[in-house]
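Written below as structure tokens is the structure these notes are about.
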2 protein chains.
Amino acid sequence: MAGMERYQAVIAYDGTDFFGFESQPGRRTVQSEFESALKKVGWQGSRLLAGGRTDAGVHAAGQVVAFDLAWGHGDSALQAALHGRLPKDISVVRLAGAKPNFHPRFHAIKRCYRYQVYISPWRNALADRFTVRIWPFPDVDRMNQAGRHMLGTQDFQAFGTAPRKGSHTRRTVYRAEWVISAANRLEFWMEADAFLYRMVRRTVGTLLQVGRGKKSVLDFKRLLEENPVGDSGPAVPPNGLCLMSIAYPEDCVCAGSAS
Amino acid sequence: MAGMERYQAVIAYDGTDFFGFESQPGRRTVQSEFESALKKVGWQGSRLLAGGRTDAGVHAAGQVVAFDLAWGHGDSALQAALHGRLPKDISVVRLAGAKPNFHPRFHAIKRCYRYQVYISPWRNALADRFTVRIWPFPDVDRMNQAGRHMLGTQDFQAFGTAPRKGSHTRRTVYRAEWVISAANRLEFWMEADAFLYRMVRRTVGTLLQVGRGKKSVLDFKRLLEENPVGDSGPAVPPNGLCLMSIAYPEDCVCAGSAS
């Protein structure tokens, strides 16, 4: 029999029909569906490790998970076996052997999220799944001026709560930038070492207030400086958000070949 | 009371959960859903007019419909009223008054379709709704060499059947072109005065045979010249296909302002 080995997988999911990533009793979650598929290929673990938790309705193109499995038929065969057992709204982008102690959350050094906005007075049946609609067109230059104040290491308690009670709310933001991706589409890209609960969606909500003239760039800067707990603008809906990638130090990546 | 007026609307729909555009007893179709919404705003007509019929699973970004209605509250208010009564997977892109005799099918001079292909050894939960997956990467240059033989006015009976029994199968193709839209995405754009039943999907299926080396460019040319009834390659699945737009002569377009 094959020996137990740790695997890491980059997975994608359409968050629409999930109550988020993390298992909850009686609810359809990405974690529980992935664990079911793993059990069907012989997994005997108790808990799938993951790089980030995503809320209900949030999508992922680059979530990272890890698990121990005695397999022995090659990485590609395992990826195919999982695809055959996962529901259609979860897929495995890449899969490879990992170092035995690899942990997708603890070893992560950077997370990248994208928030998609569709700009139109009217809803759009083809865009609504992955974008949130606003109207009129906001002032993107002002939103980017404000967004630049997010960069660097700061306490972000105005923009979210710590994922674990009592832990600190300092984070290092590497990118907070709006991009006009098509005539009627905006993308907000945000990278940080780690994120607070709802941080991206509250950042987008607050920056859109700046883009609509409800807050000035100076208001936004002051909000960051004075940093009153939870006092940012409102969180925007989850379906515009996608976890794009999680980065690891080079020595975390195993020699195992990905697809 | 407001007088009866003819309206034209450009509509979009996510075809996933529809049994195609055209009404069928006991089935969820775009036409029946749109007619239900119209009835709720006072429509008393018997049949929605449409520019093209799309098969089950085919999407639309630019289907054109027309109907007569006594409204009198302005085009924008009508568009909003319809959005409030349509299901989430149908939306109204534009709406305007039309000439009284405007017919979206008879007056159409050109239709444009796009077929999206995703190239990967593995399925992708975020792409599967609107693309069809193939692997490996086909030879796009050869597919475009072959596609050029589609251009012009020819009998296309090898590629589809006439929508109405006994009518001819000559069509004029203006564009049949593959575009690499991203590192792992191809789009096939096809424009013609009108299309035969399944013509785009069978053209894509046949061109992919060329792209995989199963047929040569010469085979494709010969298929068009010899034109044996229904002898093209197989139709590819519907979910990659989207009706992008329908064009009309300028004198069909009313002065009525769109959104």
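Residue numbering restarts at 1 for every chain of the structure tokens, chains are lettered A, B, ... in their displayed order, and ligands are numbered from 1 as they appear.
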
Distance-based interface of chain A with chain B, 6 Å, counting only C-alpha atoms, as a ChimeraX atom specification: /A:13-14,89-91,124-126

Store the residues of this selection in a file with N, CA and C atoms, as a short mmCIF file (atom, residue, chain, number, x, y, z; two decimals), in the first residue's frame.
```
data_model
loop_
_atom_site.label_atom_id
_atom_site.label_comp_id
_atom_site.auth_asym_id
_atom_site.auth_seq_id
_atom_site.Cartn_x
_atom_site.Cartn_y
_atom_site.Cartn_z
N TYR A 13 -13.93 27.65 -7.06
CA TYR A 13 -15.35 27.37 -6.88
C TYR A 13 -16.22 28.57 -7.20
N ASP A 14 -17.41 28.26 -7.66
CA ASP A 14 -18.45 29.26 -7.87
C ASP A 14 -19.23 29.31 -6.56
N ASP A 89 -19.59 22.75 -9.20
CA ASP A 89 -19.18 24.11 -8.83
C ASP A 89 -17.88 24.16 -8.01
N ILE A 90 -17.18 23.03 -7.92
CA ILE A 90 -15.81 23.03 -7.36
C ILE A 90 -14.90 22.33 -8.36
N SER A 91 -13.73 22.90 -8.61
CA SER A 91 -12.77 22.21 -9.47
C SER A 91 -11.36 22.36 -8.92
N ASN A 124 -28.05 42.91 -15.36
CA ASN A 124 -27.64 42.18 -16.54
C ASN A 124 -27.55 40.69 -16.21
N ALA A 125 -28.41 39.90 -16.86
CA ALA A 125 -28.52 38.48 -16.53
C ALA A 125 -27.21 37.73 -16.74
N LEU A 126 -26.35 38.23 -17.62
CA LEU A 126 -25.10 37.52 -17.89
C LEU A 126 -23.97 37.94 -16.95
#
```

Counting only C-alpha atoms, what is within 7 Å of A:Arg202, bar same-chain residues fewer than 4 positions away, as a PyMOL selection string? chain A and resi 159+198+206+232-236

Neighbour list for stretch 189-192 of chain B as an MDAnalysis selection string, cut-off 7 Å, only C-alpha atoms, skip fewer than 2 positions in-chain: chainID B and resid 110:115 171:178 187 194:195

Tell me, which residues of stretch 112-207 of chain B carry DSSP strand (DSSP E or B), written as a PDB file with N, CA and C atoms, in the first residue's frame?
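Dumped to states-v3.pdb:
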```
ATOM      1  N   CYS B 112     -25.134  37.998 -35.131  1.00  0.00           N
ATOM      2  CA  CYS B 112     -23.768  37.734 -34.707  1.00  0.00           C
ATOM      3  C   CYS B 112     -23.773  36.822 -33.480  1.00  0.00           C
ATOM      4  N   TYR B 113     -23.028  35.716 -33.578  1.00  0.00           N
ATOM      5  CA  TYR B 113     -22.903  34.763 -32.474  1.00  0.00           C
ATOM      6  C   TYR B 113     -21.445  34.659 -32.034  1.00  0.00           C
ATOM      7  N   ARG B 114     -21.251  34.350 -30.763  1.00  0.00           N
ATOM      8  CA  ARG B 114     -19.910  34.064 -30.236  1.00  0.00           C
ATOM      9  C   ARG B 114     -19.927  32.698 -29.563  1.00  0.00           C
ATOM     10  N   TYR B 115     -18.907  31.894 -29.826  1.00  0.00           N
ATOM     11  CA  TYR B 115     -18.787  30.602 -29.138  1.00  0.00           C
ATOM     12  C   TYR B 115     -17.494  30.614 -28.329  1.00  0.00           C
ATOM     13  N   GLN B 116     -17.606  30.361 -27.019  1.00  0.00           N
ATOM     14  CA  GLN B 116     -16.437  30.444 -26.145  1.00  0.00           C
ATOM     15  C   GLN B 116     -15.892  29.063 -25.778  1.00  0.00           C
ATOM     16  N   VAL B 117     -14.584  28.922 -25.933  1.00  0.00           N
ATOM     17  CA  VAL B 117     -13.910  27.656 -25.650  1.00  0.00           C
ATOM     18  C   VAL B 117     -12.849  27.895 -24.580  1.00  0.00           C
ATOM     19  N   TYR B 118     -12.794  26.994 -23.620  1.00  0.00           N
ATOM     20  CA  TYR B 118     -11.813  27.076 -22.540  1.00  0.00           C
ATOM     21  C   TYR B 118     -10.844  25.918 -22.732  1.00  0.00           C
ATOM     22  N   ILE B 119      -9.549  26.205 -22.736  1.00  0.00           N
ATOM     23  CA  ILE B 119      -8.583  25.164 -23.068  1.00  0.00           C
ATOM     24  C   ILE B 119      -7.810  24.735 -21.834  1.00  0.00           C
ATOM     25  N   VAL B 132     -17.031  25.951 -23.275  1.00  0.00           N
ATOM     26  CA  VAL B 132     -16.881  24.508 -23.401  1.00  0.00           C
ATOM     27  C   VAL B 132     -15.394  24.205 -23.399  1.00  0.00           C
ATOM     28  N   ARG B 133     -15.020  23.194 -22.657  1.00  0.00           N
ATOM     29  CA  ARG B 133     -13.606  22.898 -22.445  1.00  0.00           C
ATOM     30  C   ARG B 133     -13.085  21.917 -23.480  1.00  0.00           C
ATOM     31  N   ILE B 134     -11.891  22.208 -23.983  1.00  0.00           N
ATOM     32  CA  ILE B 134     -11.203  21.244 -24.845  1.00  0.00           C
ATOM     33  C   ILE B 134      -9.750  21.149 -24.392  1.00  0.00           C
ATOM     34  N   GLY B 152     -19.026  34.464 -47.583  1.00  0.00           N
ATOM     35  CA  GLY B 152     -19.744  34.660 -48.835  1.00  0.00           C
ATOM     36  C   GLY B 152     -21.069  33.912 -48.843  1.00  0.00           C
ATOM     37  N   THR B 153     -21.739  33.985 -49.998  1.00  0.00           N
ATOM     38  CA  THR B 153     -23.056  33.367 -50.136  1.00  0.00           C
ATOM     39  C   THR B 153     -22.909  31.954 -50.699  1.00  0.00           C
ATOM     40  N   GLN B 154     -23.348  30.974 -49.943  1.00  0.00           N
ATOM     41  CA  GLN B 154     -23.202  29.571 -50.346  1.00  0.00           C
ATOM     42  C   GLN B 154     -24.369  28.777 -49.776  1.00  0.00           C
ATOM     43  N   ASP B 155     -24.500  27.564 -50.269  1.00  0.00           N
ATOM     44  CA  ASP B 155     -25.456  26.644 -49.675  1.00  0.00           C
ATOM     45  C   ASP B 155     -24.750  25.921 -48.532  1.00  0.00           C
ATOM     46  N   THR B 161     -29.904  22.472 -40.883  1.00  0.00           N
ATOM     47  CA  THR B 161     -31.155  22.360 -41.609  1.00  0.00           C
ATOM     48  C   THR B 161     -31.871  23.704 -41.581  1.00  0.00           C
ATOM     49  N   ARG B 170     -29.336  28.392 -48.369  1.00  0.00           N
ATOM     50  CA  ARG B 170     -28.299  29.355 -48.742  1.00  0.00           C
ATOM     51  C   ARG B 170     -28.224  30.445 -47.678  1.00  0.00           C
ATOM     52  N   ARG B 171     -27.022  30.801 -47.316  1.00  0.00           N
ATOM     53  CA  ARG B 171     -26.836  31.881 -46.355  1.00  0.00           C
ATOM     54  C   ARG B 171     -25.611  32.683 -46.771  1.00  0.00           C
ATOM     55  N   THR B 172     -25.538  33.906 -46.285  1.00  0.00           N
ATOM     56  CA  THR B 172     -24.366  34.741 -46.550  1.00  0.00           C
ATOM     57  C   THR B 172     -23.605  34.940 -45.245  1.00  0.00           C
ATOM     58  N   VAL B 173     -22.390  34.411 -45.202  1.00  0.00           N
ATOM     59  CA  VAL B 173     -21.563  34.517 -43.996  1.00  0.00           C
ATOM     60  C   VAL B 173     -20.594  35.694 -44.152  1.00  0.00           C
ATOM     61  N   TYR B 174     -20.597  36.580 -43.170  1.00  0.00           N
ATOM     62  CA  TYR B 174     -19.742  37.768 -43.209  1.00  0.00           C
ATOM     63  C   TYR B 174     -18.484  37.616 -42.356  1.00  0.00           C
ATOM     64  N   ARG B 175     -18.562  36.767 -41.359  1.00  0.00           N
ATOM     65  CA  ARG B 175     -17.403  36.588 -40.481  1.00  0.00           C
ATOM     66  C   ARG B 175     -17.440  35.180 -39.912  1.00  0.00           C
ATOM     67  N   ALA B 176     -16.281  34.530 -39.868  1.00  0.00           N
ATOM     68  CA  ALA B 176     -16.169  33.201 -39.252  1.00  0.00           C
ATOM     69  C   ALA B 176     -14.729  33.127 -38.764  1.00  0.00           C
ATOM     70  N   GLU B 177     -14.495  33.642 -37.562  1.00  0.00           N
ATOM     71  CA  GLU B 177     -13.122  33.908 -37.136  1.00  0.00           C
ATOM     72  C   GLU B 177     -12.875  33.500 -35.688  1.00  0.00           C
ATOM     73  N   TRP B 178     -11.745  32.832 -35.476  1.00  0.00           N
ATOM     74  CA  TRP B 178     -11.314  32.479 -34.121  1.00  0.00           C
ATOM     75  C   TRP B 178     -10.393  33.555 -33.580  1.00  0.00           C
ATOM     76  N   VAL B 179     -10.602  33.899 -32.323  1.00  0.00           N
ATOM     77  CA  VAL B 179      -9.782  34.908 -31.656  1.00  0.00           C
ATOM     78  C   VAL B 179      -9.272  34.293 -30.352  1.00  0.00           C
ATOM     79  N   ILE B 180      -7.978  34.436 -30.073  1.00  0.00           N
ATOM     80  CA  ILE B 180      -7.438  33.996 -28.779  1.00  0.00           C
ATOM     81  C   ILE B 180      -7.709  35.130 -27.794  1.00  0.00           C
ATOM     82  N   SER B 181      -8.669  34.936 -26.884  1.00  0.00           N
ATOM     83  CA  SER B 181      -9.101  36.052 -26.041  1.00  0.00           C
ATOM     84  C   SER B 181      -8.363  36.090 -24.709  1.00  0.00           C
ATOM     85  N   ALA B 182      -7.709  35.015 -24.339  1.00  0.00           N
ATOM     86  CA  ALA B 182      -6.871  34.973 -23.140  1.00  0.00           C
ATOM     87  C   ALA B 182      -5.963  33.757 -23.304  1.00  0.00           C
ATOM     88  N   ARG B 185      -8.168  30.741 -23.539  1.00  0.00           N
ATOM     89  CA  ARG B 185      -9.522  30.951 -24.051  1.00  0.00           C
ATOM     90  C   ARG B 185      -9.518  31.286 -25.528  1.00  0.00           C
ATOM     91  N   LEU B 186     -10.459  30.676 -26.228  1.00  0.00           N
ATOM     92  CA  LEU B 186     -10.697  31.000 -27.622  1.00  0.00           C
ATOM     93  C   LEU B 186     -12.139  31.450 -27.778  1.00  0.00           C
ATOM     94  N   GLU B 187     -12.348  32.378 -28.698  1.00  0.00           N
ATOM     95  CA  GLU B 187     -13.709  32.756 -29.066  1.00  0.00           C
ATOM     96  C   GLU B 187     -13.864  32.569 -30.564  1.00  0.00           C
ATOM     97  N   PHE B 188     -14.969  32.001 -30.985  1.00  0.00           N
ATOM     98  CA  PHE B 188     -15.286  31.925 -32.404  1.00  0.00           C
ATOM     99  C   PHE B 188     -16.433  32.892 -32.665  1.00  0.00           C
ATOM    100  N   TRP B 189     -16.190  33.846 -33.557  1.00  0.00           N
ATOM    101  CA  TRP B 189     -17.207  34.843 -33.890  1.00  0.00           C
ATOM    102  C   TRP B 189     -17.752  34.555 -35.277  1.00  0.00           C
ATOM    103  N   MET B 190     -19.063  34.490 -35.383  1.00  0.00           N
ATOM    104  CA  MET B 190     -19.669  34.183 -36.665  1.00  0.00           C
ATOM    105  C   MET B 190     -20.835  35.134 -36.936  1.00  0.00           C
ATOM    106  N   GLU B 191     -20.782  35.762 -38.086  1.00  0.00           N
ATOM    107  CA  GLU B 191     -21.858  36.673 -38.503  1.00  0.00           C
ATOM    108  C   GLU B 191     -22.398  36.228 -39.846  1.00  0.00           C
ATOM    109  N   ALA B 192     -23.708  36.262 -39.985  1.00  0.00           N
ATOM    110  CA  ALA B 192     -24.347  35.894 -41.248  1.00  0.00           C
ATOM    111  C   ALA B 192     -25.674  36.624 -41.353  1.00  0.00           C
ATOM    112  N   TYR B 197     -30.424  25.868 -38.590  1.00  0.00           N
ATOM    113  CA  TYR B 197     -30.550  25.234 -37.292  1.00  0.00           C
ATOM    114  C   TYR B 197     -29.232  24.539 -36.904  1.00  0.00           C
TER     115      TYR B 197
END
```

For the alpha helix (DSSP H) assignment from backbone DSSP, which residues of stretch 24-187 of chain A qualify? Please present them as an MDAnalysis selection string. chainID A and resid 30:40 75:85 140:148

For A:Gly211, find every residue with an atom within 6 Å (counting only C-alpha atoms), except residues of its own chain fewer than 3 positions away, and show them as a count of residues only. 4

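The two atoms in question, atom CA of B:Gly166 and atom CA of B:Asn227, are spaced 17.3 Å apart.
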
Compile the contact shell of stretch 97-105 of chain A as a CSV table (one decimal) with N, CA and C atoms, in the first residue's frame: residues with an atom at most 10 Å away, counting only C-alpha atoms, same-chain residues fewer than 2 positions apart removed.
```
chain,number,residue,atom,x,y,z
A,4,MET,N,1.4,7.3,3.4
A,4,MET,CA,0.7,8.6,3.5
A,4,MET,C,1.5,9.7,3.0
A,5,GLU,N,0.9,10.6,2.3
A,5,GLU,CA,1.6,11.8,1.8
A,5,GLU,C,0.8,13.0,1.9
A,6,ARG,N,1.4,14.2,2.1
A,6,ARG,CA,0.6,15.4,2.1
A,6,ARG,C,0.5,16.0,0.7
A,7,TYR,N,-0.7,16.4,0.4
A,7,TYR,CA,-0.9,17.0,-0.9
A,7,TYR,C,-1.4,18.5,-0.7
A,8,GLN,N,-1.0,19.3,-1.7
A,8,GLN,CA,-1.6,20.7,-1.8
A,8,GLN,C,-2.4,20.8,-3.1
A,9,ALA,N,-3.5,21.5,-3.0
A,9,ALA,CA,-4.3,21.7,-4.2
A,9,ALA,C,-4.7,23.1,-4.3
A,49,LEU,N,-7.3,21.2,5.5
A,49,LEU,CA,-6.7,22.4,5.8
A,49,LEU,C,-6.9,23.4,4.6
A,50,ALA,N,-7.1,24.7,4.9
A,50,ALA,CA,-7.3,25.6,3.8
A,50,ALA,C,-6.6,27.0,4.1
A,51,GLY,N,-6.3,27.7,3.0
A,51,GLY,CA,-5.5,28.9,3.1
A,51,GLY,C,-6.3,30.1,3.6
A,52,GLY,N,-7.6,30.1,3.3
A,52,GLY,CA,-8.4,31.2,3.6
A,52,GLY,C,-9.9,30.8,3.7
A,53,ARG,N,-10.6,31.4,4.6
A,53,ARG,CA,-12.1,31.1,4.7
A,53,ARG,C,-12.8,32.2,3.8
A,63,GLN,N,-8.1,29.3,-4.2
A,63,GLN,CA,-8.1,28.8,-2.8
A,63,GLN,C,-7.0,27.7,-2.7
A,64,VAL,N,-6.3,27.6,-1.6
A,64,VAL,CA,-5.4,26.5,-1.5
A,64,VAL,C,-5.8,25.6,-0.3
A,65,VAL,N,-5.8,24.3,-0.6
A,65,VAL,CA,-6.1,23.3,0.5
A,65,VAL,C,-5.0,22.3,0.6
A,66,ALA,N,-5.0,21.6,1.7
A,66,ALA,CA,-4.0,20.5,1.9
A,66,ALA,C,-4.6,19.4,2.7
A,67,PHE,N,-4.1,18.2,2.4
A,67,PHE,CA,-4.6,17.0,3.1
A,67,PHE,C,-3.6,15.9,3.0
A,68,ASP,N,-3.7,14.9,3.9
A,68,ASP,CA,-2.8,13.7,3.9
A,68,ASP,C,-3.6,12.6,3.3
A,74,GLY,N,-0.2,8.7,-8.7
A,74,GLY,CA,0.2,9.8,-9.4
A,74,GLY,C,-0.7,11.0,-9.2
A,75,ASP,N,-0.1,12.2,-9.3
A,75,ASP,CA,-0.9,13.4,-9.0
A,75,ASP,C,-2.0,13.7,-10.0
A,95,LEU,N,-2.7,20.4,-8.6
A,95,LEU,CA,-2.5,19.5,-7.4
A,95,LEU,C,-1.1,18.9,-7.4
A,107,HIS,N,1.5,29.0,6.5
A,107,HIS,CA,2.6,29.3,5.7
A,107,HIS,C,2.4,30.4,4.6
A,108,ALA,N,1.1,30.8,4.5
A,108,ALA,CA,0.8,31.8,3.4
A,108,ALA,C,1.4,33.1,3.8
A,109,ILE,N,2.0,33.8,2.8
A,109,ILE,CA,2.6,35.1,3.0
A,109,ILE,C,1.8,36.2,2.4
A,194,ALA,N,-2.6,39.2,5.1
A,194,ALA,CA,-3.8,38.5,5.5
A,194,ALA,C,-4.9,39.5,5.6
A,246,ILE,N,-3.2,32.7,-3.4
A,246,ILE,CA,-2.5,32.7,-2.1
A,246,ILE,C,-1.0,32.4,-2.4
A,247,ALA,N,-0.1,33.3,-1.8
A,247,ALA,CA,1.3,33.1,-2.1
A,247,ALA,C,2.0,32.5,-1.0
A,248,TYR,N,3.0,31.6,-1.2
A,248,TYR,CA,3.8,30.9,-0.2
A,248,TYR,C,5.3,31.2,-0.5
A,251,ASP,N,10.3,27.8,-0.4
A,251,ASP,CA,10.6,26.5,0.2
A,251,ASP,C,9.4,25.7,0.7
A,252,CYS,N,8.2,26.3,0.5
A,252,CYS,CA,6.9,25.6,0.8
A,252,CYS,C,6.5,24.7,-0.4
A,253,VAL,N,7.0,25.1,-1.5
A,253,VAL,CA,6.5,24.4,-2.7
A,253,VAL,C,7.3,23.2,-3.0
A,254,CYS,N,6.7,22.1,-3.1
A,254,CYS,CA,7.3,20.8,-3.3
A,254,CYS,C,7.8,20.6,-4.7
A,255,ALA,N,8.7,19.6,-4.9
A,255,ALA,CA,9.1,19.3,-6.2
A,255,ALA,C,8.0,18.6,-7.1
A,256,GLY,N,7.0,18.1,-6.4
A,256,GLY,CA,5.9,17.4,-7.1
A,256,GLY,C,5.3,18.2,-8.2
A,257,SER,N,5.2,17.6,-9.4
A,257,SER,CA,4.8,18.4,-10.6
A,257,SER,C,3.3,18.6,-10.6
A,258,ALA,N,2.9,19.8,-10.9
A,258,ALA,CA,1.4,20.1,-11.0
A,258,ALA,C,1.0,19.9,-12.4
```

Close residues, A:Ala2 itself excluded, 9 Å, only C-alpha atoms, min 2 positions apart in chain, as a count of residues only: 7

A:Ser167, A:Gln157, A:Asn184, A:Val30 ranked by distance to A:Glu225, top pick (using only C-alpha atoms):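 Looking at the shortest contact to A:Glu225, the residue is A:Gln157.
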